[in-house]
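The next block is query18.csv, given as CSV, C-alpha atoms and all ligand atoms.
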chain,number,residue,atom,x,y,z
A,1,MET,CA,0.0,0.0,0.0
A,2,ASN,CA,1.5,3.3,-1.1
A,3,ILE,CA,0.6,6.2,1.3
A,4,LEU,CA,1.1,9.8,0.2
A,5,SER,CA,1.2,12.0,3.4
A,6,ILE,CA,1.2,15.7,3.9
A,7,GLU,CA,2.3,17.6,7.0
A,8,SER,CA,1.7,21.3,7.5
A,9,SER,CA,0.9,21.9,11.2
A,10,CYS,CA,3.5,24.6,11.7
A,11,ASP,CA,6.2,26.2,9.6
A,12,GLU,CA,7.2,23.1,7.6
A,13,MET,CA,5.3,22.0,4.4
A,14,ALA,CA,6.2,18.4,3.9
A,15,ALA,CA,5.1,15.4,1.8
A,16,ALA,CA,6.3,11.8,1.7
A,17,ILE,CA,5.5,8.5,0.1
A,18,VAL,CA,5.8,5.5,2.3
A,19,SER,CA,4.9,1.9,1.4
A,20,ASP,CA,3.1,-0.2,4.0
A,21,GLY,CA,4.0,2.3,6.7
A,22,ARG,CA,7.6,1.0,6.6
A,23,VAL,CA,9.5,1.7,3.4
A,24,VAL,CA,10.2,5.3,2.7
A,25,LYS,CA,10.1,6.0,-1.0
A,26,SER,CA,10.5,9.8,-0.7
A,27,SER,CA,10.4,12.6,1.8
A,28,VAL,CA,10.4,16.3,1.0
A,29,VAL,CA,10.5,19.0,3.7
A,30,SER,CA,10.2,22.6,2.7
A,31,SER,CA,11.1,24.7,5.7
A,32,GLN,CA,10.0,28.3,6.2
A,33,ILE,CA,12.7,29.1,8.7
A,34,ASP,CA,14.0,32.0,6.6
A,35,LEU,CA,10.6,33.5,6.3
A,36,HIS,CA,9.9,33.6,10.1
A,37,LYS,CA,13.5,34.3,11.2
A,38,LYS,CA,13.1,38.0,11.3
A,39,TYR,CA,10.1,37.8,13.6
A,40,GLY,CA,11.9,35.4,16.0
A,41,GLY,CA,9.1,32.8,15.8
A,42,VAL,CA,6.4,31.5,13.5
A,43,VAL,CA,3.7,33.9,12.3
A,44,PRO,CA,0.6,31.8,11.7
A,45,GLU,CA,-1.0,33.8,8.8
A,46,LEU,CA,2.3,33.9,6.9
A,47,ALA,CA,2.8,30.2,7.4
A,48,GLY,CA,-0.7,29.4,6.0
A,49,ARG,CA,-0.3,31.6,3.0
A,50,HIS,CA,3.2,30.3,2.2
A,51,HIS,CA,2.0,26.7,2.6
A,52,LEU,CA,-0.7,27.4,0.0
A,53,GLU,CA,1.9,28.5,-2.5
A,54,LEU,CA,4.0,25.4,-1.8
A,55,VAL,CA,1.7,22.5,-1.3
A,56,ASN,CA,1.2,21.3,-4.9
A,57,ASN,CA,4.9,21.6,-5.7
A,58,VAL,CA,6.0,19.8,-2.6
A,59,VAL,CA,3.6,16.9,-3.3
A,60,GLN,CA,4.8,16.7,-6.9
A,61,SER,CA,8.4,16.6,-5.7
A,62,ALA,CA,7.5,13.7,-3.4
A,63,LEU,CA,5.9,11.8,-6.3
A,64,ASP,CA,8.9,12.6,-8.6
A,65,GLU,CA,11.5,11.5,-6.0
A,66,ALA,CA,9.6,8.2,-5.6
A,67,GLY,CA,9.2,7.8,-9.4
A,68,MET,CA,5.5,7.6,-9.0
A,69,THR,CA,2.3,9.3,-10.2
A,70,PHE,CA,-1.0,9.9,-8.4
A,71,ASN,CA,-2.2,6.7,-9.9
A,72,ASP,CA,0.3,4.7,-7.8
A,73,VAL,CA,-1.1,6.1,-4.5
A,74,ASP,CA,-3.5,3.9,-2.5
A,75,LEU,CA,-4.1,6.1,0.6
A,76,PHE,CA,-3.8,9.9,1.3
A,77,ALA,CA,-2.9,11.0,4.8
A,78,GLY,CA,-2.9,14.6,6.2
A,79,THR,CA,-2.3,16.1,9.6
A,80,ARG,CA,-5.6,17.2,11.2
A,81,GLY,CA,-4.1,18.7,14.4
A,82,PRO,CA,-2.9,19.9,16.7
A,83,GLY,CA,-1.2,22.9,15.2
A,84,LEU,CA,-1.9,26.4,13.7
A,85,SER,CA,-5.3,26.5,12.0
A,86,ALA,CA,-4.2,28.4,8.9
A,87,ALA,CA,-1.3,26.0,8.4
A,88,LEU,CA,-3.2,22.8,9.1
A,89,LEU,CA,-6.0,23.8,6.8
A,90,VAL,CA,-3.8,23.8,3.7
A,91,GLY,CA,-2.2,20.3,4.1
A,92,CYS,CA,-5.3,18.6,5.3
A,93,THR,CA,-7.6,20.0,2.6
A,94,ALA,CA,-5.0,19.2,0.0
A,95,ALA,CA,-4.8,15.5,1.1
A,96,LYS,CA,-8.6,15.3,1.1
A,97,SER,CA,-8.9,16.9,-2.3
A,98,TYR,CA,-6.3,14.5,-3.8
A,99,ALA,CA,-8.2,11.5,-2.3
A,100,TYR,CA,-11.5,12.8,-3.7
A,101,ALA,CA,-10.1,13.5,-7.1
A,102,MET,CA,-8.4,10.0,-7.3
A,103,GLY,CA,-11.3,8.1,-5.7
A,104,LYS,CA,-9.0,6.8,-2.9
A,105,ASP,CA,-9.3,6.8,0.9
A,106,PHE,CA,-8.2,9.5,3.3
A,107,VAL,CA,-7.0,9.3,6.8
A,108,GLY,CA,-6.6,12.3,9.2
A,109,VAL,CA,-3.6,12.1,11.5
A,110,ASN,CA,-2.8,13.5,14.9
A,111,HIS,CA,0.6,15.3,14.8
A,112,HIS,CA,1.7,14.2,18.3
A,113,GLU,CA,0.7,10.6,17.7
A,114,ALA,CA,2.8,10.7,14.5
A,115,HIS,CA,5.9,11.9,16.5
A,116,ILE,CA,5.3,9.1,19.0
A,117,LEU,CA,4.8,6.4,16.4
A,118,SER,CA,7.7,7.5,14.2
A,119,VAL,CA,9.8,5.1,16.2
A,120,LEU,CA,8.0,2.2,14.5
A,121,LEU,CA,9.8,3.0,11.3
A,122,GLU,CA,13.3,2.5,12.5
A,123,HIS,CA,12.9,-0.1,15.3
A,124,GLU,CA,11.8,-3.7,14.8
A,125,ASN,CA,9.4,-5.5,17.1
A,126,VAL,CA,8.4,-2.6,19.3
A,127,GLU,CA,6.4,-3.9,22.3
A,128,PHE,CA,3.8,-2.1,24.4
A,129,PRO,CA,3.4,-0.4,26.8
A,130,PHE,CA,6.3,2.0,26.5
A,131,VAL,CA,7.0,5.5,27.8
A,132,SER,CA,7.3,8.4,25.3
A,133,LEU,CA,8.8,11.8,25.9
A,134,LEU,CA,7.4,14.2,23.3
A,135,VAL,CA,9.2,17.5,23.2
A,136,SER,CA,8.7,20.0,20.5
A,137,GLY,CA,8.3,23.8,19.9
A,138,GLY,CA,4.6,23.6,20.8
A,139,HIS,CA,4.3,20.8,23.3
A,140,THR,CA,6.1,19.0,26.1
A,141,MET,CA,4.6,15.9,27.6
A,142,VAL,CA,5.4,12.4,28.9
A,143,VAL,CA,3.0,9.8,27.7
A,144,ILE,CA,2.3,6.1,28.4
A,145,VAL,CA,1.7,4.4,25.1
A,146,ASP,CA,-0.5,1.4,26.1
A,147,SER,CA,-1.0,0.3,22.5
A,148,PRO,CA,-1.1,2.0,19.1
A,149,GLY,CA,-3.9,4.5,19.4
A,150,LYS,CA,-4.1,4.4,23.2
A,151,TYR,CA,-2.3,7.1,25.1
A,152,ARG,CA,-2.2,8.4,28.7
A,153,VAL,CA,-0.6,11.8,29.2
A,154,ILE,CA,1.1,11.6,32.6
A,155,GLY,CA,3.3,14.8,32.7
A,156,GLU,CA,2.8,18.0,30.8
A,157,THR,CA,4.2,21.5,30.8
A,158,ILE,CA,2.0,24.1,32.5
A,159,ASP,CA,3.4,27.0,30.5
A,160,ASP,CA,6.1,27.1,27.8
A,161,ALA,CA,7.1,24.0,25.7
A,162,ALA,CA,10.7,23.0,26.0
A,163,GLY,CA,11.5,23.9,22.4
A,164,GLU,CA,9.8,27.3,22.9
A,165,ALA,CA,12.1,27.9,25.9
A,166,TYR,CA,15.1,27.1,23.7
A,167,ASP,CA,13.9,29.5,21.1
A,168,LYS,CA,13.2,32.3,23.6
A,169,VAL,CA,16.6,31.9,25.3
A,170,ALA,CA,18.3,31.9,21.9
A,171,ARG,CA,16.5,35.1,21.1
A,172,LEU,CA,17.5,36.8,24.3
A,173,LEU,CA,21.1,35.7,23.7
A,174,GLY,CA,20.9,37.1,20.2
A,175,LEU,CA,21.7,33.8,18.6
A,176,GLY,CA,18.9,33.4,16.0
A,177,TYR,CA,16.0,31.1,15.2
A,178,PRO,CA,15.3,28.3,15.7
A,179,GLY,CA,17.2,28.4,18.9
A,180,GLY,CA,17.4,24.7,19.8
A,181,PRO,CA,20.2,23.6,17.4
A,182,LEU,CA,22.2,26.8,18.1
A,183,VAL,CA,22.0,26.4,21.9
A,184,ASP,CA,22.7,22.7,21.6
A,185,THR,CA,26.0,23.4,19.7
A,186,LEU,CA,27.2,26.2,22.0
A,187,ALA,CA,26.4,24.1,25.1
A,188,LEU,CA,28.9,21.4,23.9
A,189,SER,CA,31.7,23.7,24.8
A,190,GLY,CA,30.2,25.3,28.0
A,191,ASN,CA,30.1,24.4,31.7
A,192,PRO,CA,26.7,23.0,32.7
A,193,LYS,CA,27.4,23.8,36.3
A,194,ALA,CA,28.3,27.5,35.7
A,195,PHE,CA,24.8,28.6,36.6
A,196,ASN,CA,22.4,26.9,38.9
A,197,PHE,CA,19.1,27.5,37.0
A,198,PRO,CA,15.8,26.3,38.5
A,199,ARG,CA,14.2,22.8,38.0
A,200,PRO,CA,10.7,23.7,39.2
A,201,MET,CA,8.0,21.2,40.4
A,202,LYS,CA,10.7,18.6,41.3
A,203,ASP,CA,8.3,16.5,43.3
A,204,ASP,CA,5.3,16.6,41.0
A,205,PRO,CA,5.6,14.0,38.2
A,206,THR,CA,2.5,15.5,36.4
A,207,LYS,CA,3.8,19.0,35.8
A,208,MET,CA,6.7,20.7,34.1
A,209,SER,CA,7.4,24.4,33.8
A,210,PHE,CA,9.9,26.3,31.6
A,211,SER,CA,8.9,29.9,31.7
A,212,GLY,CA,10.6,30.7,35.0
A,213,LEU,CA,13.8,29.1,33.6
A,214,LYS,CA,13.7,31.6,30.7
A,215,THR,CA,13.3,34.5,33.2
A,216,ALA,CA,16.2,33.1,35.3
A,217,VAL,CA,18.4,33.1,32.1
A,218,LYS,CA,17.4,36.7,31.4
A,219,TYR,CA,18.5,37.8,34.9
A,220,ALA,CA,21.8,35.8,34.6
A,221,VAL,CA,22.6,37.6,31.3
A,222,ARG,CA,21.7,41.0,32.9
A,223,ASP,CA,23.7,40.4,36.1
A,224,ASN,CA,26.8,38.7,34.6
A,225,GLU,CA,28.2,40.8,31.8
A,226,ASP,CA,31.3,38.7,31.4
A,227,ALA,CA,29.5,35.3,31.4
A,228,LYS,CA,30.4,33.1,28.5
A,229,VAL,CA,27.4,32.4,26.3
A,230,GLU,CA,28.5,28.8,26.1
A,231,ASP,CA,28.2,28.4,29.9
A,232,ILE,CA,24.7,30.0,29.9
A,233,CYS,CA,23.6,27.6,27.1
A,234,ALA,CA,25.1,24.6,28.8
A,235,SER,CA,23.6,25.5,32.2
A,236,PHE,CA,20.2,26.3,30.7
A,237,GLN,CA,20.2,23.0,28.7
A,238,GLU,CA,21.2,21.0,31.8
A,239,ALA,CA,18.2,22.4,33.7
A,240,VAL,CA,15.8,21.7,30.8
A,241,ILE,CA,17.0,18.1,30.4
A,242,ASP,CA,17.1,17.4,34.1
A,243,SER,CA,13.4,18.3,34.2
A,244,LEU,CA,12.6,16.2,31.2
A,245,ILE,CA,14.5,13.2,32.4
A,246,SER,CA,13.1,13.4,36.0
A,247,LYS,CA,9.4,13.4,34.6
A,248,THR,CA,10.2,10.6,32.2
A,249,ARG,CA,11.7,8.6,35.1
A,250,ALA,CA,8.6,9.3,37.2
A,251,THR,CA,6.4,8.0,34.3
A,252,ILE,CA,8.4,4.8,34.0
A,253,GLU,CA,7.8,4.4,37.8
A,254,VAL,CA,4.0,4.9,37.3
A,255,LEU,CA,3.9,2.0,34.8
A,256,ASN,CA,6.1,-0.2,37.0
A,257,GLU,CA,3.9,0.5,40.0
A,258,GLU,CA,0.9,-0.7,37.8
A,259,LYS,CA,2.8,-3.9,37.4
A,260,LEU,CA,2.8,-3.4,33.7
A,261,LYS,CA,6.3,-3.9,32.5
A,262,THR,CA,7.7,-0.8,30.7
A,263,THR,CA,9.3,-2.3,27.6
A,264,ALA,CA,11.0,0.9,26.3
A,265,VAL,CA,11.4,4.6,26.5
A,266,SER,CA,11.2,6.7,23.4
A,267,ILE,CA,11.7,10.4,22.4
A,268,GLY,CA,10.1,12.4,19.6
A,269,GLY,CA,9.6,16.0,18.5
A,270,GLY,CA,12.1,18.6,17.5
A,271,VAL,CA,13.9,18.8,20.8
A,272,ALA,CA,14.5,15.1,20.6
A,273,ALA,CA,17.2,16.0,18.0
A,274,ASN,CA,19.2,17.4,21.0
A,275,SER,CA,22.5,15.6,21.4
A,276,ASN,CA,22.5,15.7,25.2
A,277,LEU,CA,18.9,14.6,25.6
A,278,ARG,CA,19.5,11.7,23.3
A,279,THR,CA,22.5,10.5,25.4
A,280,ARG,CA,20.6,11.0,28.7
A,281,ILE,CA,17.6,9.0,27.4
A,282,GLU,CA,20.0,6.1,26.4
A,283,SER,CA,21.4,6.2,30.0
A,284,LEU,CA,17.9,6.2,31.5
A,285,ALA,CA,17.0,3.2,29.5
A,286,LYS,CA,20.1,1.4,30.6
A,287,GLU,CA,19.3,2.2,34.2
A,288,TYR,CA,15.9,0.3,33.9
A,289,SER,CA,17.3,-2.3,31.5
A,290,ILE,CA,14.8,-1.3,28.8
A,291,ARG,CA,15.1,-0.3,25.1
A,292,ALA,CA,15.8,3.2,24.1
A,293,LEU,CA,13.8,4.1,21.0
A,294,VAL,CA,15.6,7.1,19.6
A,295,PRO,CA,14.6,8.2,16.1
A,296,ASP,CA,17.0,9.5,13.5
A,297,LYS,CA,17.4,13.3,13.9
A,298,ALA,CA,15.6,14.0,10.6
A,299,MET,CA,12.6,12.1,12.0
A,300,CYS,CA,12.5,14.2,15.2
A,301,THR,CA,11.7,17.6,13.5
A,302,ASP,CA,8.5,17.9,11.5
A,303,ASN,CA,8.3,15.7,8.5
A,304,ALA,CA,5.6,13.8,6.5
A,305,VAL,CA,7.1,10.3,6.8
A,306,MET,CA,5.8,10.1,10.4
A,307,ILE,CA,2.3,11.1,9.2
A,308,ALA,CA,2.3,8.2,6.8
A,309,VAL,CA,3.5,5.8,9.6
A,310,ALA,CA,0.7,6.9,11.9
A,311,GLY,CA,-1.8,7.1,9.0
A,312,LYS,CA,-1.2,3.4,8.3
A,313,VAL,CA,-1.6,2.4,12.0
A,314,HIS,CA,-4.9,4.3,12.1
A,315,TYR,CA,-6.1,3.0,8.8
A,316,ASP,CA,-5.5,-0.6,10.0
A,317,LEU,CA,-7.2,0.1,13.3
A,318,ARG,CA,-10.2,2.2,12.3
A,319,GLY,CA,-10.4,2.4,8.5
A,320,PRO,CA,-10.6,5.6,6.5
A,321,ASP,CA,-12.0,8.9,7.7
A,322,GLY,CA,-14.8,10.6,5.8
A,323,LEU,CA,-13.9,13.6,3.7
A,324,GLY,CA,-16.2,15.7,5.9
A,325,VAL,CA,-13.7,15.5,8.7
A,326,GLY,CA,-12.1,18.9,9.5
A,327,ILE,CA,-8.9,20.1,11.1
A,328,ASP,CA,-8.7,20.1,14.9
A,329,PRO,CA,-6.1,22.6,16.1
A,330,GLY,CA,-6.4,21.5,19.7
A,331,TRP,CA,-6.7,17.7,19.2
A,332,LYS,CA,-5.3,15.9,22.2
A,333,ILE,CA,-3.8,12.4,21.9
A,334,SER,CA,-5.6,11.4,25.1
A,335,ASP,CA,-8.9,11.8,23.1
A,336,LEU,CA,-7.9,9.4,20.4
A,337,SER,CA,-8.9,6.1,21.9
B,401,LIG,O1,8.7,19.1,16.3
B,401,LIG,P1,9.2,20.4,15.7
B,401,LIG,O2,10.0,20.4,14.5
B,401,LIG,O3,8.0,21.4,15.5
B,401,LIG,C1,6.9,21.5,16.4
B,401,LIG,O4,6.0,20.7,16.2
B,401,LIG,O5,7.0,22.4,17.3
B,401,LIG,O6,10.1,21.1,16.9
B,401,LIG,C2,10.7,22.4,16.7
B,401,LIG,C3,11.4,22.8,18.0
B,401,LIG,C4,12.0,24.2,18.0
B,401,LIG,O7,11.6,24.9,19.2
B,401,LIG,C5,13.5,24.0,17.9
B,401,LIG,O8,14.2,25.0,18.6
B,401,LIG,C6,13.6,22.6,18.7
B,401,LIG,O9,12.5,21.9,18.2
B,401,LIG,N1,14.9,21.9,18.3
B,401,LIG,C7,15.8,21.6,19.2
B,401,LIG,C8,16.9,21.0,18.5
B,401,LIG,N2,16.5,21.0,17.2
B,401,LIG,C9,15.3,21.5,17.1
B,401,LIG,N3,15.9,21.9,20.6
B,401,LIG,C10,17.0,21.5,21.2
B,401,LIG,N4,18.1,20.9,20.6
B,401,LIG,C11,18.1,20.7,19.3
B,401,LIG,N5,19.1,20.1,18.7
B,402,ZN,ZN,6.2,18.5,15.7

Just give me the structure of the file as C-alpha cells.
Ligand code: KG4
Ligand code: ZN
Amino acid sequence: MNILSIESSCDEMAAAIVSDGRVVKSSVVSSQIDLHKKYGGVVPELAGRHHLELVNNVVQSALDEAGMTFNDVDLFAGTRGPGLSAALLVGCTAAKSYAYAMGKDFVGVNHHEAHILSVLLEHENVEFPFVSLLVSGGHTMVVIVDSPGKYRVIGETIDDAAGEAYDKVARLLGLGYPGGPLVDTLALSGNPKAFNFPRPMKDDPTKMSFSGLKTAVKYAVRDNEDAKVEDICASFQEAVIDSLISKTRATIEVLNEEKLKTTAVSIGGGVAANSNLRTRIESLAKEYSIRALVPDKAMCTDNAVMIAVAGKVHYDLRGPDGLGVGIDPGWKISDLS
C-alpha cells in the first residue's frame, strides 16, 4: 500500500510516500525558517499563505522522488491537528482533495501521535506499553503508550514548551532562530554547572514548567556581563534536560507500579534532536534495562514520513476517515482512543 502523506501543522510543508507504513520511497520537507526568522518565531498567517503557494509543488516533488504518479497512491494522509489553523487547513484540505479526485481513501492524522509512532519505522518488534517523551516547539509531555492509538498523558508543561524555551533563550542571547540547534551546539563547549538554573516542580511528576527558567536566564545575562554564552547555554540546557528526564523517570515508575512492565522509553519531537537529551535517554533506558527508541534526527523535527506511519496504523485500526472531517487545532492524543 503506497501512502502519500502531507504535514503542515506549523512552519514546515512536507510530503512523503511510504509503502506499507515502513518503506520510505520519498520525503520532501520545505522549511519556512528564513521567512519567520526576522520575527523570532512562527507567524501563523504567513505560514498558512506560504503553505498554499508550496503545497502542490512539494507533493509533486515527493511523487517525482519516488518515481510515481498519483495513480500509484493507495491512501492519502494529512495532519488534522494539533497545530496552527491556517497552516493545518492547507495540508489537510489538499490531502482530502487528492483523495476525492483520485477516488481513494483519506485518513486524518494526529501530529503528536505521529511523533510518537515515528519510532515504529526504524525499530523492529516494538512492544507495548512504552513511555514516550514528546518534546517540540509547541508541546512537552510524557505519555504512556499502552498500545497503538491508546495514550495516557502523565506529565505536561503548564506554560512554555521546552522547544519554545530554547527559542526564547536563543532570542535573548541574540543567537537566531530556531534556537534549539544553536544552543545545543554552543552548550557542547560550555560548563553546565556554571549557573544553577531552577528545576521547578521537582516533586510533582505530572507538571513541568519552563517559563521561570527563561526568566532566570534573562537575569543571569543581565547580572553577569562577562558570562560566557557557552556556559549559559550549557547550564540552561542542563536544567531543561534534568526536568525532562526526571518526569520521564517518574512516568516509568508509574507504569512499573501498575505492574505493567515498561518495555522501552522513546523520544520524539524537534527537541529530541538534541544531542545531550539523546544521550541522557539512552542512560535512563540502561538504568531500567529497557530499550531506548531514539529516532534519526531528521525524523525528530517535523516531516511527512511520520504522518504516513501513523496514518497506516490508524487505517488498519479504524479504516478511512470521511472527507467531511475537518482540522482540529487543539486535538489531544488522550482523546484518540
Ligand atoms: O517538532 P518540531 O519540528 O516542530 C513543532 O511541532 O514544534 O520542533 C521544533 C522545535 C523548535 O523549538 C527547535 O528549537 C527545537 O525543536 N529543536 C531543538 C533542537 N533541534 C530543534 N531543541 C534542542 N536541541 C536541538 N538540537
Ligand atoms: Zn512536531

Would you pick out the contacts of A:Ser289 at 12 Å or less, using all atoms listed in the file, so that residues sharing its chain but fewer than 2 positions from it are not included, and give the list as a JSON list (two decimals) with C-alpha atoms, in the coordinates of the input?
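The new file around-v1.json reads:
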[["chain", "number", "residue", "atom", "x", "y", "z"],
["A", 252, "ILE", "CA", 8.40, 4.80, 34.00],
["A", 261, "LYS", "CA", 6.30, -3.90, 32.50],
["A", 262, "THR", "CA", 7.70, -0.80, 30.70],
["A", 263, "THR", "CA", 9.30, -2.30, 27.60],
["A", 264, "ALA", "CA", 11.00, 0.90, 26.30],
["A", 265, "VAL", "CA", 11.40, 4.60, 26.50],
["A", 282, "GLU", "CA", 20.00, 6.10, 26.40],
["A", 283, "SER", "CA", 21.40, 6.20, 30.00],
["A", 284, "LEU", "CA", 17.90, 6.20, 31.50],
["A", 285, "ALA", "CA", 17.00, 3.20, 29.50],
["A", 286, "LYS", "CA", 20.10, 1.40, 30.60],
["A", 287, "GLU", "CA", 19.30, 2.20, 34.20],
["A", 291, "ARG", "CA", 15.10, -0.30, 25.10],
["A", 292, "ALA", "CA", 15.80, 3.20, 24.10]]

Could you check how far atom CA of A:Asn274 sits from atom CA of A:Val23, in Å to one decimal? 25.5 Å

Return the single residue from A:Met102, A:Met201, A:Leu336, A:Leu260 that is closest to A:Val73, with distances computed using only C-alpha atoms.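 Ranked by minimum distance to A:Val73, first place goes to A:Met102.
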
Residue nearest ligand LIG 401 (chain B) among A:Ser136, A:Asn191, A:Thr215, A:Ser209 (counting only C-alpha atoms and all ligand atoms):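 Counting only C-alpha atoms and all ligand atoms, the residue closest to ligand LIG 401 (chain B) is A:Ser136.
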
Surrounding residues as a PyMOL selection string, ligand ZN 402 (chain B), max 7 Å, all atoms listed in the file: chain A and resi 111-112+115+136+269-270+301-302

Can you tell me which residues come within 7 Å of ligand LIG 401 (chain B) when counting only C-alpha atoms and all ligand atoms, ideally as a ChimeraX atom specification? /A:10,136-139,163-164,166-167,178-181,183-184,269-275,300-302

With C-alpha atoms retained, could you export that selection as a PDB file, in the frame of the given file?
ATOM      1  CA  CYS A  10       3.500  24.600  11.700  1.00  0.00           C
ATOM      2  CA  SER A 136       8.700  20.000  20.500  1.00  0.00           C
ATOM      3  CA  GLY A 137       8.300  23.800  19.900  1.00  0.00           C
ATOM      4  CA  GLY A 138       4.600  23.600  20.800  1.00  0.00           C
ATOM      5  CA  HIS A 139       4.300  20.800  23.300  1.00  0.00           C
ATOM      6  CA  GLY A 163      11.500  23.900  22.400  1.00  0.00           C
ATOM      7  CA  GLU A 164       9.800  27.300  22.900  1.00  0.00           C
ATOM      8  CA  TYR A 166      15.100  27.100  23.700  1.00  0.00           C
ATOM      9  CA  ASP A 167      13.900  29.500  21.100  1.00  0.00           C
ATOM     10  CA  PRO A 178      15.300  28.300  15.700  1.00  0.00           C
ATOM     11  CA  GLY A 179      17.200  28.400  18.900  1.00  0.00           C
ATOM     12  CA  GLY A 180      17.400  24.700  19.800  1.00  0.00           C
ATOM     13  CA  PRO A 181      20.200  23.600  17.400  1.00  0.00           C
ATOM     14  CA  VAL A 183      22.000  26.400  21.900  1.00  0.00           C
ATOM     15  CA  ASP A 184      22.700  22.700  21.600  1.00  0.00           C
ATOM     16  CA  GLY A 269       9.600  16.000  18.500  1.00  0.00           C
ATOM     17  CA  GLY A 270      12.100  18.600  17.500  1.00  0.00           C
ATOM     18  CA  VAL A 271      13.900  18.800  20.800  1.00  0.00           C
ATOM     19  CA  ALA A 272      14.500  15.100  20.600  1.00  0.00           C
ATOM     20  CA  ALA A 273      17.200  16.000  18.000  1.00  0.00           C
ATOM     21  CA  ASN A 274      19.200  17.400  21.000  1.00  0.00           C
ATOM     22  CA  SER A 275      22.500  15.600  21.400  1.00  0.00           C
ATOM     23  CA  CYS A 300      12.500  14.200  15.200  1.00  0.00           C
ATOM     24  CA  THR A 301      11.700  17.600  13.500  1.00  0.00           C
ATOM     25  CA  ASP A 302       8.500  17.900  11.500  1.00  0.00           C
TER      26      ASP A 302
END

Which residues come within 12 Å of A:Ile3, counting only C-alpha atoms, excluding same-chain residues fewer than 6 positions away, as a PyMOL selection string? chain A and resi 15-27+62-63+66+68+70-78+95+98-99+104-107+304-313+315

Ranking A:Thr248, A:Leu4, A:Gly190, A:Ala161 by minimum distance to A:Leu213 and counting all atoms listed in the file, which one comes first? A:Ala161

What separation in Å, quoted to one decimal, exists between atom CA of A:Ala250 and atom CA of A:Glu127? 20.0 Å

Would you work out the distance separating atom CA of A:Pro44 from atom CA of A:Ala114, expressed in Å to one decimal? 21.4 Å

Quick one: of A:Asn196, A:Ser5, A:Ser189, A:Ser243, who's nearest to A:Met141, counting all atoms listed in the file? A:Ser243

Name the closest residue to A:Leu52 among the candidates A:Thr79, A:Thr206, A:Thr69, A:Ser8; distances are taken between atoms, counting all atoms listed in the file.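 Checking each candidate against A:Leu52, we get A:Ser8 as the closest.
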
Exercise: residues within 12 Å of coordinate (12.9, 34.4, 8.6), counting all atoms listed in the file, as an NGL selection string: :A and (11 or 31-43 or 46-47 or 176-178)

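Of the listed residues (A:Val109, A:Leu182, A:Ala165, A:Val29), A:Val109 comes nearest to A:Lys332; the distances count only C-alpha atoms.
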
Kindly reconstruct stretch 55-59 of chain A with all heavy atoms and present the result as a compact mmCIF listing (two decimals), in the frame of the given file.
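Once written, part_24.txt looks like this:
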# COMPACT_ATOMS: atom_id res chain seq x y z
N VAL A 55 2.20 23.88 -1.51
CA VAL A 55 1.70 22.50 -1.30
C VAL A 55 1.78 21.63 -2.57
O VAL A 55 2.30 20.51 -2.53
CB VAL A 55 0.32 22.48 -0.63
CG1 VAL A 55 -0.74 23.19 -1.44
CG2 VAL A 55 -0.10 21.06 -0.30
N ASN A 56 1.28 22.14 -3.69
CA ASN A 56 1.20 21.30 -4.90
C ASN A 56 2.63 20.91 -5.38
O ASN A 56 2.88 19.78 -5.80
CB ASN A 56 0.42 21.95 -5.99
CG ASN A 56 -1.05 21.96 -5.65
OD1 ASN A 56 -1.55 21.04 -5.00
ND2 ASN A 56 -1.75 23.01 -6.03
N ASN A 57 3.56 21.87 -5.28
CA ASN A 57 4.90 21.60 -5.70
C ASN A 57 5.62 20.57 -4.83
O ASN A 57 6.36 19.70 -5.29
CB ASN A 57 5.77 22.86 -5.76
CG ASN A 57 5.38 23.76 -6.91
OD1 ASN A 57 4.71 23.30 -7.84
ND2 ASN A 57 5.77 25.02 -6.85
N VAL A 58 5.39 20.70 -3.52
CA VAL A 58 6.00 19.80 -2.60
C VAL A 58 5.48 18.35 -2.79
O VAL A 58 6.24 17.37 -2.80
CB VAL A 58 5.82 20.25 -1.10
CG1 VAL A 58 6.23 19.19 -0.11
CG2 VAL A 58 6.62 21.54 -0.86
N VAL A 59 4.18 18.25 -3.01
CA VAL A 59 3.60 16.90 -3.30
C VAL A 59 4.15 16.34 -4.58
O VAL A 59 4.53 15.17 -4.64
CB VAL A 59 2.03 17.02 -3.31
CG1 VAL A 59 1.41 15.75 -3.87
CG2 VAL A 59 1.50 17.30 -1.91
